[in-house]
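Heads up, model15.cif below (mmCIF, C-alpha atoms):
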data_run
#
loop_
_atom_site.group_PDB
_atom_site.id
_atom_site.type_symbol
_atom_site.label_atom_id
_atom_site.label_comp_id
_atom_site.auth_asym_id
_atom_site.auth_seq_id
_atom_site.Cartn_x
_atom_site.Cartn_y
_atom_site.Cartn_z
ATOM 1 C CA MET A 1 54.203 3.430 -10.400
ATOM 2 C CA GLU A 2 53.365 2.292 -6.888
ATOM 3 C CA LEU A 3 54.655 -1.076 -5.713
ATOM 4 C CA GLN A 4 53.249 -2.773 -2.627
ATOM 5 C CA CYS A 5 56.285 -4.491 -1.103
ATOM 6 C CA ILE A 6 56.745 -7.077 1.624
ATOM 7 C CA VAL A 7 60.171 -7.863 3.086
ATOM 8 C CA ARG A 8 60.360 -11.377 4.536
ATOM 9 C CA PHE A 9 63.543 -11.691 6.594
ATOM 10 C CA LYS A 10 65.523 -14.937 6.454
ATOM 11 C CA THR A 11 68.126 -13.686 8.932
ATOM 12 C CA PRO A 12 67.394 -11.145 11.691
ATOM 13 C CA CYS A 13 67.401 -7.417 10.877
ATOM 14 C CA HIS A 14 68.469 -4.479 13.055
ATOM 15 C CA ILE A 15 67.378 -0.872 12.600
ATOM 16 C CA GLY A 16 68.937 1.051 15.450
ATOM 17 C CA TYR A 17 69.995 4.532 16.480
ATOM 18 C CA GLY A 18 73.143 3.996 18.528
ATOM 19 C CA THR A 19 71.649 2.389 21.640
ATOM 20 C CA GLY A 20 71.459 -1.265 20.543
ATOM 21 C CA GLY A 21 67.679 -1.099 20.729
ATOM 22 C CA GLN A 22 65.507 -1.888 17.721
ATOM 23 C CA VAL A 23 63.374 1.018 16.481
ATOM 24 C CA ARG A 24 59.712 0.442 17.393
ATOM 25 C CA ASP A 25 56.499 2.266 16.575
ATOM 26 C CA PHE A 26 53.858 3.460 19.032
ATOM 27 C CA ARG A 27 52.469 -0.118 19.114
ATOM 28 C CA ASN A 28 55.896 -1.331 20.349
ATOM 29 C CA LYS A 29 56.387 -3.312 17.125
ATOM 30 C CA PRO A 30 59.534 -3.348 14.891
ATOM 31 C CA TYR A 31 59.556 -0.430 12.483
ATOM 32 C CA ILE A 32 61.728 0.759 9.571
ATOM 33 C CA PRO A 33 61.559 4.537 8.979
ATOM 34 C CA SER A 34 61.169 5.660 5.369
ATOM 35 C CA ILE A 35 64.545 7.466 5.441
ATOM 36 C CA ILE A 36 66.321 4.114 5.842
ATOM 37 C CA LEU A 37 64.348 2.254 3.174
ATOM 38 C CA SER A 38 64.629 5.137 0.698
ATOM 39 C CA THR A 39 68.379 5.545 1.341
ATOM 40 C CA GLN A 40 69.203 1.870 0.868
ATOM 41 C CA ILE A 41 66.939 1.409 -2.156
ATOM 42 C CA TYR A 42 68.110 4.595 -3.900
ATOM 43 C CA LEU A 43 71.829 4.002 -3.307
ATOM 44 C CA GLU A 44 71.485 0.404 -4.498
ATOM 45 C CA ALA A 45 69.597 1.599 -7.600
ATOM 46 C CA LEU A 46 72.389 4.083 -8.384
ATOM 47 C CA ARG A 47 74.852 1.176 -8.463
ATOM 48 C CA PHE A 48 72.977 -0.120 -11.524
ATOM 49 C CA ALA A 49 72.093 3.234 -13.100
ATOM 50 C CA ILE A 50 75.642 4.634 -13.130
ATOM 51 C CA PRO A 51 77.332 1.892 -15.233
ATOM 52 C CA LEU A 52 74.389 2.048 -17.675
ATOM 53 C CA LYS A 53 74.700 5.871 -17.835
ATOM 54 C CA ARG A 54 71.089 6.236 -16.744
ATOM 55 C CA GLN A 55 69.712 9.097 -14.683
ATOM 56 C CA ILE A 56 67.041 8.071 -12.196
ATOM 57 C CA SER A 57 64.770 10.020 -9.870
ATOM 58 C CA PRO A 58 64.845 9.290 -6.127
ATOM 59 C CA PRO A 59 61.982 7.019 -5.045
ATOM 60 C CA LYS A 60 59.160 7.902 -2.703
ATOM 61 C CA VAL A 61 59.068 5.282 0.044
ATOM 62 C CA SER A 62 56.693 4.879 2.953
ATOM 63 C CA ASP A 63 57.681 3.748 6.419
ATOM 64 C CA GLY A 64 57.913 -0.021 6.889
ATOM 65 C CA ILE A 65 55.590 -1.646 9.419
ATOM 66 C CA THR A 66 54.670 -5.117 10.609
ATOM 67 C CA CYS A 67 51.215 -6.424 11.482
ATOM 68 C CA GLU A 68 52.631 -9.348 13.492
ATOM 69 C CA GLU A 69 53.456 -9.632 17.160
ATOM 70 C CA PRO A 70 57.095 -8.573 17.779
ATOM 71 C CA ASN A 71 59.654 -11.287 17.036
ATOM 72 C CA ILE A 72 62.695 -9.799 18.792
ATOM 73 C CA VAL A 73 65.983 -11.578 19.498
ATOM 74 C CA LYS A 74 69.071 -10.213 21.272
ATOM 75 C CA ILE A 75 72.436 -10.833 19.633
ATOM 76 C CA ARG A 76 75.615 -9.442 21.201
ATOM 77 C CA GLY A 77 73.624 -6.852 23.135
ATOM 78 C CA LYS A 78 71.585 -5.581 20.162
ATOM 79 C CA GLU A 79 67.932 -6.142 19.387
ATOM 80 C CA PHE A 80 67.143 -7.814 16.058
ATOM 81 C CA PHE A 81 63.758 -8.752 14.595
ATOM 82 C CA ARG A 82 62.399 -11.256 12.047
ATOM 83 C CA ASN A 83 58.928 -9.853 11.368
ATOM 84 C CA ASP A 84 57.633 -9.312 7.835
ATOM 85 C CA ILE A 85 57.783 -5.614 6.890
ATOM 86 C CA TYR A 86 55.258 -3.873 4.596
ATOM 87 C CA PHE A 87 56.052 -0.680 2.667
ATOM 88 C CA LEU A 88 55.028 1.275 -0.444
ATOM 89 C CA LEU A 89 57.574 2.145 -3.138
ATOM 90 C CA ASN A 90 56.751 4.804 -5.745
ATOM 91 C CA VAL A 91 59.095 5.167 -8.747
ATOM 92 C CA GLU A 92 58.944 6.740 -12.187
ATOM 93 C CA ASP A 93 57.779 4.282 -14.863
ATOM 94 C CA MET A 94 60.986 4.804 -16.862
ATOM 95 C CA ASP A 95 63.086 3.862 -13.805
ATOM 96 C CA LEU A 96 61.155 0.696 -12.946
ATOM 97 C CA ASP A 97 63.739 -1.778 -14.313
ATOM 98 C CA ILE A 98 66.528 -0.144 -12.281
ATOM 99 C CA TYR A 99 64.535 -0.207 -9.050
ATOM 100 C CA LEU A 100 63.481 -3.831 -9.538
ATOM 101 C CA ALA A 101 67.172 -4.667 -10.019
ATOM 102 C CA ALA A 102 67.942 -2.772 -6.792
ATOM 103 C CA LEU A 103 65.302 -4.742 -4.861
ATOM 104 C CA LYS A 104 66.663 -8.021 -6.228
ATOM 105 C CA SER A 105 70.150 -6.984 -5.175
ATOM 106 C CA LEU A 106 69.058 -5.931 -1.668
ATOM 107 C CA GLN A 107 67.744 -9.438 -1.088
ATOM 108 C CA ASN A 108 71.319 -10.699 -1.394
ATOM 109 C CA THR A 109 73.177 -7.865 0.334
ATOM 110 C CA GLY A 110 70.652 -7.332 3.131
ATOM 111 C CA ILE A 111 68.598 -4.523 4.661
ATOM 112 C CA GLY A 112 69.445 -2.652 7.851
ATOM 113 C CA ALA A 113 72.650 -2.620 9.895
ATOM 114 C CA SER A 114 75.450 -5.215 10.152
ATOM 115 C CA THR A 115 74.697 -6.642 6.687
ATOM 116 C CA SER A 116 78.380 -7.567 6.251
ATOM 117 C CA GLN A 117 77.834 -10.094 9.060
ATOM 118 C CA GLY A 118 74.896 -11.680 7.251
ATOM 119 C CA PHE A 119 72.032 -9.813 8.923
ATOM 120 C CA GLY A 120 69.029 -8.505 7.010
ATOM 121 C CA TYR A 121 69.091 -11.277 4.362
ATOM 122 C CA ASN A 122 65.572 -11.362 2.949
ATOM 123 C CA GLN A 123 63.003 -12.228 0.320
ATOM 124 C CA ILE A 124 61.072 -9.350 -1.275
ATOM 125 C CA ILE A 125 57.505 -9.869 -2.483
ATOM 126 C CA ILE A 126 55.632 -7.396 -4.687
ATOM 127 C CA VAL A 127 51.918 -7.866 -4.196
ATOM 128 C CA ASN A 128 50.536 -5.905 -7.156
ATOM 129 C CA SER A 129 51.999 -6.796 -10.572
ATOM 130 C CA ASN A 130 49.323 -4.916 -12.543
ATOM 131 C CA GLY A 131 50.916 -2.504 -14.989
ATOM 132 C CA ILE A 132 54.334 -4.183 -14.923
ATOM 133 C CA PRO A 133 55.546 -4.606 -18.540
ATOM 134 C CA GLN A 134 55.694 -8.259 -19.605
ATOM 135 C CA LYS A 135 59.466 -8.115 -20.160
ATOM 136 C CA LEU A 136 60.021 -7.040 -16.552
ATOM 137 C CA ASN A 137 57.366 -9.428 -15.286
ATOM 138 C CA ASP A 138 59.309 -12.296 -16.848
ATOM 139 C CA LYS A 139 62.729 -11.027 -15.674
ATOM 140 C CA PHE A 140 61.622 -10.538 -12.043
ATOM 141 C CA SER A 141 58.896 -13.185 -11.845
ATOM 142 C CA GLU A 142 60.117 -14.349 -8.404
ATOM 143 C CA PHE A 143 58.894 -11.027 -6.940
ATOM 144 C CA PHE A 144 55.234 -11.169 -7.900
ATOM 145 C CA LYS A 145 52.898 -13.084 -5.592
ATOM 146 C CA GLU A 146 49.319 -12.874 -4.363
ATOM 147 C CA GLU A 147 49.520 -11.900 -0.676
ATOM 148 C CA LYS A 148 47.588 -9.663 1.685
ATOM 149 C CA PHE A 149 49.065 -6.194 2.081
ATOM 150 C CA TYR A 150 48.824 -3.888 5.120
ATOM 151 C CA ASN A 151 48.736 -0.114 4.708
ATOM 152 C CA PRO A 152 51.881 1.344 6.370
ATOM 153 C CA SER A 153 50.448 4.885 6.573
ATOM 154 C CA LEU A 154 48.391 3.912 9.614
ATOM 155 C CA VAL A 155 51.445 3.759 11.905
ATOM 156 C CA ARG A 156 53.768 6.544 13.078
ATOM 157 C CA LEU A 157 57.133 6.885 14.841
ATOM 158 C CA VAL A 158 58.030 9.236 17.689
ATOM 159 C CA GLN A 159 59.716 12.336 16.156
ATOM 160 C CA SER A 160 62.633 12.476 18.634
ATOM 161 C CA ILE A 161 63.696 8.947 17.654
ATOM 162 C CA PHE A 162 63.420 9.832 13.955
ATOM 163 C CA SER A 163 65.865 12.743 14.400
ATOM 164 C CA ARG A 164 68.475 10.457 15.985
ATOM 165 C CA ILE A 165 68.079 7.909 13.188
ATOM 166 C CA LYS A 166 68.553 10.607 10.557
ATOM 167 C CA ARG A 167 71.903 11.622 12.089
ATOM 168 C CA ASN A 168 73.189 8.048 12.385
ATOM 169 C CA TRP A 169 72.231 6.966 8.873
ATOM 170 C CA SER A 170 73.817 9.976 7.184
ATOM 171 C CA SER A 171 77.230 8.465 8.045
ATOM 172 C CA TRP A 172 76.068 5.080 6.702
ATOM 173 C CA LYS A 173 75.181 6.795 3.421
ATOM 174 C CA ARG A 174 78.730 8.155 3.061
ATOM 175 C CA ALA A 175 80.265 4.746 3.833
ATOM 176 C CA TYR A 176 78.204 3.131 1.053
ATOM 177 C CA SER A 177 80.341 4.839 -1.619
ATOM 178 C CA ASN A 178 83.146 2.351 -0.873
ATOM 179 C CA ILE A 179 81.249 -0.398 -2.733
ATOM 180 C CA GLY A 180 80.983 1.504 -6.028
ATOM 181 C CA PRO A 181 78.760 0.911 -9.098
ATOM 182 C CA PHE A 182 77.743 -2.704 -9.669
ATOM 183 C CA ILE A 183 80.272 -4.772 -11.670
ATOM 184 C CA ASN A 184 80.068 -8.297 -10.320
ATOM 185 C CA ARG A 185 79.061 -10.365 -7.313
ATOM 186 C CA VAL A 186 80.706 -13.683 -6.414
ATOM 187 C CA TYR A 187 79.275 -16.287 -4.030
ATOM 188 C CA TYR A 188 81.434 -18.837 -2.206
ATOM 189 C CA LYS A 189 80.379 -21.714 0.017
ATOM 190 C CA ILE A 190 82.961 -22.484 2.700
ATOM 191 C CA ASN A 191 83.351 -26.020 4.021
ATOM 192 C CA ILE A 192 83.083 -26.139 7.825
ATOM 193 C CA THR A 193 82.528 -28.983 10.291
ATOM 194 C CA GLU A 194 81.390 -26.963 13.320
ATOM 195 C CA LYS A 195 79.004 -24.069 13.790
ATOM 196 C CA VAL A 196 80.774 -20.740 13.338
ATOM 197 C CA THR A 197 79.165 -17.318 13.676
ATOM 198 C CA SER A 198 79.502 -14.889 10.801
ATOM 199 C CA SER A 199 81.332 -12.370 13.012
ATOM 200 C CA SER A 200 83.872 -14.979 14.153
ATOM 201 C CA PHE A 201 84.490 -16.101 10.587
ATOM 202 C CA ARG A 202 84.890 -12.492 9.423
ATOM 203 C CA GLY A 203 87.425 -11.847 12.183
ATOM 204 C CA GLU A 204 89.469 -14.916 11.254
ATOM 205 C CA LEU A 205 89.226 -14.073 7.544
ATOM 206 C CA ARG A 206 90.517 -10.549 8.159
ATOM 207 C CA ARG A 207 93.381 -11.943 10.253
ATOM 208 C CA LYS A 208 94.404 -14.346 7.462
ATOM 209 C CA LEU A 209 94.211 -11.600 4.833
ATOM 210 C CA ILE A 210 96.415 -9.323 6.940
ATOM 211 C CA GLU A 211 98.879 -12.185 7.383
ATOM 212 C CA ILE A 212 98.974 -12.938 3.630
ATOM 213 C CA THR A 213 99.302 -9.308 2.494
ATOM 214 C CA GLY A 214 101.488 -8.084 5.361
ATOM 215 C CA ALA A 215 99.189 -5.097 5.823
ATOM 216 C CA LYS A 216 100.173 -2.705 8.615
ATOM 217 C CA HIS A 217 97.911 -0.384 10.590
ATOM 218 C CA LYS A 218 98.677 2.553 12.858
ATOM 219 C CA ASP A 219 98.853 1.879 16.594
ATOM 220 C CA GLU A 220 98.503 -1.883 15.971
ATOM 221 C CA VAL A 221 94.758 -1.645 15.290
ATOM 222 C CA ALA A 222 93.192 -4.103 12.827
ATOM 223 C CA VAL A 223 91.367 -1.547 10.681
ATOM 224 C CA CYS A 224 92.404 1.532 8.686
ATOM 225 C CA GLY A 225 91.094 4.863 9.998
ATOM 226 C CA PRO A 226 88.744 7.181 8.077
ATOM 227 C CA ARG A 227 91.640 9.476 7.054
ATOM 228 C CA ASP A 228 93.973 6.658 6.010
ATOM 229 C CA ILE A 229 94.364 5.337 2.489
ATOM 230 C CA PRO A 230 92.770 1.910 3.002
ATOM 231 C CA CYS A 231 95.059 -1.099 2.632
ATOM 232 C CA LYS A 232 94.163 -4.094 0.420
ATOM 233 C CA VAL A 233 92.470 -5.865 3.312
ATOM 234 C CA CYS A 234 90.379 -2.903 4.447
ATOM 235 C CA LYS A 235 89.288 -2.162 0.882
ATOM 236 C CA LEU A 236 87.723 -5.615 0.979
ATOM 237 C CA MET A 237 86.632 -6.076 4.589
ATOM 238 C CA GLY A 238 85.674 -2.502 5.383
ATOM 239 C CA TYR A 239 87.217 0.250 7.525
ATOM 240 C CA MET A 240 86.091 3.150 9.690
ATOM 241 C CA GLY A 241 83.913 5.173 7.334
ATOM 242 C CA GLY A 242 83.933 2.564 4.554
ATOM 243 C CA LYS A 243 81.397 -0.236 4.059
ATOM 244 C CA SER A 244 82.645 -3.817 3.599
ATOM 245 C CA ARG A 245 82.605 -5.401 0.140
ATOM 246 C CA VAL A 246 82.581 -8.866 1.718
ATOM 247 C CA ILE A 247 79.424 -10.294 3.285
ATOM 248 C CA VAL A 248 79.668 -13.368 5.504
ATOM 249 C CA ARG A 249 76.482 -15.295 6.222
ATOM 250 C CA SER A 250 76.313 -18.374 8.472
ATOM 251 C CA PHE A 251 73.572 -21.014 8.538
ATOM 252 C CA SER A 252 72.945 -23.969 10.802
ATOM 253 C CA GLY A 253 70.170 -26.538 10.903
ATOM 254 C CA ARG A 254 69.274 -30.166 10.342
ATOM 255 C CA GLN A 255 71.348 -30.261 7.158
ATOM 256 C CA GLY A 256 74.447 -29.110 9.002
ATOM 257 C CA ASN A 257 76.450 -25.910 9.225
ATOM 258 C CA SER A 258 77.551 -23.719 6.339
ATOM 259 C CA ILE A 259 79.188 -20.382 5.668
ATOM 260 C CA TYR A 260 78.583 -18.301 2.561
ATOM 261 C CA VAL A 261 80.828 -15.430 1.537
ATOM 262 C CA ILE A 262 79.632 -12.846 -0.984
ATOM 263 C CA GLY A 263 82.193 -10.587 -2.646
ATOM 264 C CA GLU A 264 81.191 -7.294 -4.282
ATOM 265 C CA ASN A 265 83.095 -5.941 -7.290
ATOM 266 C CA LEU A 266 86.112 -8.176 -6.799
ATOM 267 C CA THR A 267 89.147 -7.779 -9.032
ATOM 268 C CA LEU A 268 90.990 -10.914 -10.148
ATOM 269 C CA GLU A 269 93.681 -10.160 -7.561
ATOM 270 C CA GLU A 270 91.064 -9.830 -4.804
ATOM 271 C CA LYS A 271 89.386 -13.109 -5.801
ATOM 272 C CA GLU A 272 92.731 -14.899 -5.648
ATOM 273 C CA LEU A 273 93.502 -13.263 -2.294
ATOM 274 C CA LEU A 274 90.195 -14.372 -0.780
ATOM 275 C CA GLU A 275 90.530 -17.893 -2.162
ATOM 276 C CA GLU A 276 94.032 -18.170 -0.700
ATOM 277 C CA ALA A 277 92.639 -17.105 2.686
ATOM 278 C CA PHE A 278 89.842 -19.704 2.436
ATOM 279 C CA GLY A 279 92.444 -22.430 1.910
ATOM 280 C CA GLU A 280 92.787 -24.903 -0.944
ATOM 281 C CA GLY A 281 89.929 -27.407 -1.024
ATOM 282 C CA ASN A 282 87.969 -25.526 1.661
ATOM 283 C CA TYR A 283 85.520 -23.691 -0.619
ATOM 284 C CA GLN A 284 83.393 -23.851 -3.754
ATOM 285 C CA LYS A 285 82.520 -20.923 -5.984
ATOM 286 C CA VAL A 286 78.759 -21.412 -6.373
ATOM 287 C CA LEU A 287 77.694 -18.380 -8.419
ATOM 288 C CA GLU A 288 79.019 -15.304 -10.163
ATOM 289 C CA GLU A 289 76.686 -12.508 -11.272
ATOM 290 C CA THR A 290 77.201 -9.530 -13.560
ATOM 291 C CA LEU A 291 75.124 -6.480 -14.478
ATOM 292 C CA SER A 292 73.104 -8.428 -17.066
ATOM 293 C CA ASP A 293 71.810 -10.758 -14.337
ATOM 294 C CA TYR A 294 69.976 -7.820 -12.787
ATOM 295 C CA VAL A 295 69.060 -5.344 -15.529
ATOM 296 C CA PRO A 296 67.299 -6.728 -18.643
#
Take the structure from the file and write it as structure tokens.
Amino acid sequence: MELQCIVRFKTPCHIGYGTGGQVRDFRNKPYIPSIILSTQIYLEALRFAIPLKRQISPPKVSDGITCEEPNIVKIRGKEFFRNDIYFLLNVEDMDLDIYLAALKSLQNTGIGASTSQGFGYNQIIIVNSNGIPQKLNDKFSEFFKEEKFYNPSLVRLVQSIFSRIKRNWSSWKRAYSNIGPFINRVYYKINITEKVTSSSFRGELRRKLIEITGAKHKDEVAVCGPRDIPCKVCKLMGYMGGKSRVIVRSFSGRQGNSIYVIGENLTLEEKELLEEAFGEGNYQKVLEETLSDYVP
């Protein structure tokens, strides 16, 4: 089944190749190569297939393009964009429920790089709902909308840039295994009075967790190395070669400032550890999701 997908970014997204620059197509517009979309979608789908003991086929994914004028912002020396991205997703009919669950999950966890700092948060729209079984149509009704779709096959990327991206994202693929199959996802809202960036909050949260647990690192660095057995803090916050299981997302606007923390596959001990680091009375648990919230 072919799904016409639109990604509408709520926080900026970065697809880079080690230079800090955002990947662009020959029109100089933001671009997401198919290798990145297929890798993130497939690995996220496996998180739902494995606990259900389902075997799924890898998807066929087009490149992701935008029809809009570039909306580029620079954050800490890197280029991020907020343009809508259009791509085609082809999956086997029998795997459709798993891939819809993966798309729903990627809205929360983010697409692209630096997702642990809140980047790449998005809304996914599926333009064509024809042929979707009614059960899945009801379960994922927020996806299906009538919108104009732009054919991504009309745009290409320079081959030399593609080769560099392929090398960089192979290491990202290995790091993803740290998260593990989907068990639960917990959302916290943190009470703050002043605007705080997600990176600053993450840094302070890691410091508090290290203080509480007494974790020690070699050579007085703050993060475990790729050959180390990760400590309790790095298992949560990420380490060299291991993706973070804690996402921090900051918002500011007319309604004030807020920080949301999303925890992936937290044990009871890890929940208690995070809540101690937040501080009593400084947070609210706003949502907790399990496998049944994603797969019908």
* Asked: Selected by the PyMOL selection byres ((chain A and resi 37) around 10) in the shown coordinates: which residues, as an MDAnalysis selection string?
  -> chainID A and resid 32:36 38:42 59:64 87 89 111:112
Given the PyMOL selection byres ((chain A and resi 209-216) around 9), the residues it picks as a PDB file with C-alpha atoms, in the frame of the given file:
ATOM      1  CA  GLU A 204      89.469 -14.916  11.254  1.00  0.00           C
ATOM      2  CA  LEU A 205      89.226 -14.073   7.544  1.00  0.00           C
ATOM      3  CA  ARG A 206      90.517 -10.549   8.159  1.00  0.00           C
ATOM      4  CA  ARG A 207      93.381 -11.943  10.253  1.00  0.00           C
ATOM      5  CA  LYS A 208      94.404 -14.346   7.462  1.00  0.00           C
ATOM      6  CA  HIS A 217      97.911  -0.384  10.590  1.00  0.00           C
ATOM      7  CA  LYS A 218      98.677   2.553  12.858  1.00  0.00           C
ATOM      8  CA  GLU A 220      98.503  -1.883  15.971  1.00  0.00           C
ATOM      9  CA  VAL A 221      94.758  -1.645  15.290  1.00  0.00           C
ATOM     10  CA  ALA A 222      93.192  -4.103  12.827  1.00  0.00           C
ATOM     11  CA  CYS A 224      92.404   1.532   8.686  1.00  0.00           C
ATOM     12  CA  CYS A 231      95.059  -1.099   2.632  1.00  0.00           C
ATOM     13  CA  LYS A 232      94.163  -4.094   0.420  1.00  0.00           C
ATOM     14  CA  VAL A 233      92.470  -5.865   3.312  1.00  0.00           C
ATOM     15  CA  LEU A 273      93.502 -13.263  -2.294  1.00  0.00           C
ATOM     16  CA  LEU A 274      90.195 -14.372  -0.780  1.00  0.00           C
ATOM     17  CA  GLU A 276      94.032 -18.170  -0.700  1.00  0.00           C
ATOM     18  CA  ALA A 277      92.639 -17.105   2.686  1.00  0.00           C
TER      19      ALA A 277
END
* What is the distance between atom CA of Gly20 of chain A and atom CA of Lys74 of chain A, in Å to one decimal? -> 9.3 Å
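Once the PyMOL selection byres ((chain A and resi 291) around 12) is applied to this file, the selection holds Ala45, Arg47, Phe48, Ala49, Ile50, Pro51, Leu52, Ile98, Ala101, Ala102, Lys104, Ser105, Pro181, Phe182, Ile183, Asn184, Arg185, Glu264, Asn265, Glu288, Glu289, Thr290, Ser292, Asp293, Tyr294, Val295 and Pro296 of chain A.
Atom pair atom CA of Leu3 of chain A / atom CA of Gln134 of chain A: separated by 15.7 Å.
Residues lying within 10 Å of Phe119 of chain A, counting all atoms listed in the file and ignoring same-chain neighbours fewer than 2 positions away, are Phe9, Lys10, Thr11, Pro12, Cys13, His14, Phe80, Thr109, Gly110, Ile111, Gly112, Ala113, Ser114, Thr115, Ser116, Gln117, Tyr121, Asn122, Ser198, Ile247, Val248, Arg249 and Ser250 of chain A.
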Put those residues in a file: C-alpha atoms, as a PDB file, in the frame of the given file.
ATOM      1  CA  PHE A   9      63.543 -11.691   6.594  1.00  0.00           C
ATOM      2  CA  LYS A  10      65.523 -14.937   6.454  1.00  0.00           C
ATOM      3  CA  THR A  11      68.126 -13.686   8.932  1.00  0.00           C
ATOM      4  CA  PRO A  12      67.394 -11.145  11.691  1.00  0.00           C
ATOM      5  CA  CYS A  13      67.401  -7.417  10.877  1.00  0.00           C
ATOM      6  CA  HIS A  14      68.469  -4.479  13.055  1.00  0.00           C
ATOM      7  CA  PHE A  80      67.143  -7.814  16.058  1.00  0.00           C
ATOM      8  CA  THR A 109      73.177  -7.865   0.334  1.00  0.00           C
ATOM      9  CA  GLY A 110      70.652  -7.332   3.131  1.00  0.00           C
ATOM     10  CA  ILE A 111      68.598  -4.523   4.661  1.00  0.00           C
ATOM     11  CA  GLY A 112      69.445  -2.652   7.851  1.00  0.00           C
ATOM     12  CA  ALA A 113      72.650  -2.620   9.895  1.00  0.00           C
ATOM     13  CA  SER A 114      75.450  -5.215  10.152  1.00  0.00           C
ATOM     14  CA  THR A 115      74.697  -6.642   6.687  1.00  0.00           C
ATOM     15  CA  SER A 116      78.380  -7.567   6.251  1.00  0.00           C
ATOM     16  CA  GLN A 117      77.834 -10.094   9.060  1.00  0.00           C
ATOM     17  CA  TYR A 121      69.091 -11.277   4.362  1.00  0.00           C
ATOM     18  CA  ASN A 122      65.572 -11.362   2.949  1.00  0.00           C
ATOM     19  CA  SER A 198      79.502 -14.889  10.801  1.00  0.00           C
ATOM     20  CA  ILE A 247      79.424 -10.294   3.285  1.00  0.00           C
ATOM     21  CA  VAL A 248      79.668 -13.368   5.504  1.00  0.00           C
ATOM     22  CA  ARG A 249      76.482 -15.295   6.222  1.00  0.00           C
ATOM     23  CA  SER A 250      76.313 -18.374   8.472  1.00  0.00           C
TER      24      SER A 250
END
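Take atom CA of Lys243 of chain A and atom CA of Ile179 of chain A: the distance between them is 6.8 Å.
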Once you add 8 Å to each side, what are the centre and edge lengths of the axis-aligned box holding all listed atoms of segment 206-209 of chain A? One decimal in Å, as AutoDock Vina command-line options, if you can.
--center_x 92.5 --center_y -12.4 --center_z 7.5 --size_x 19.9 --size_y 19.8 --size_z 21.4
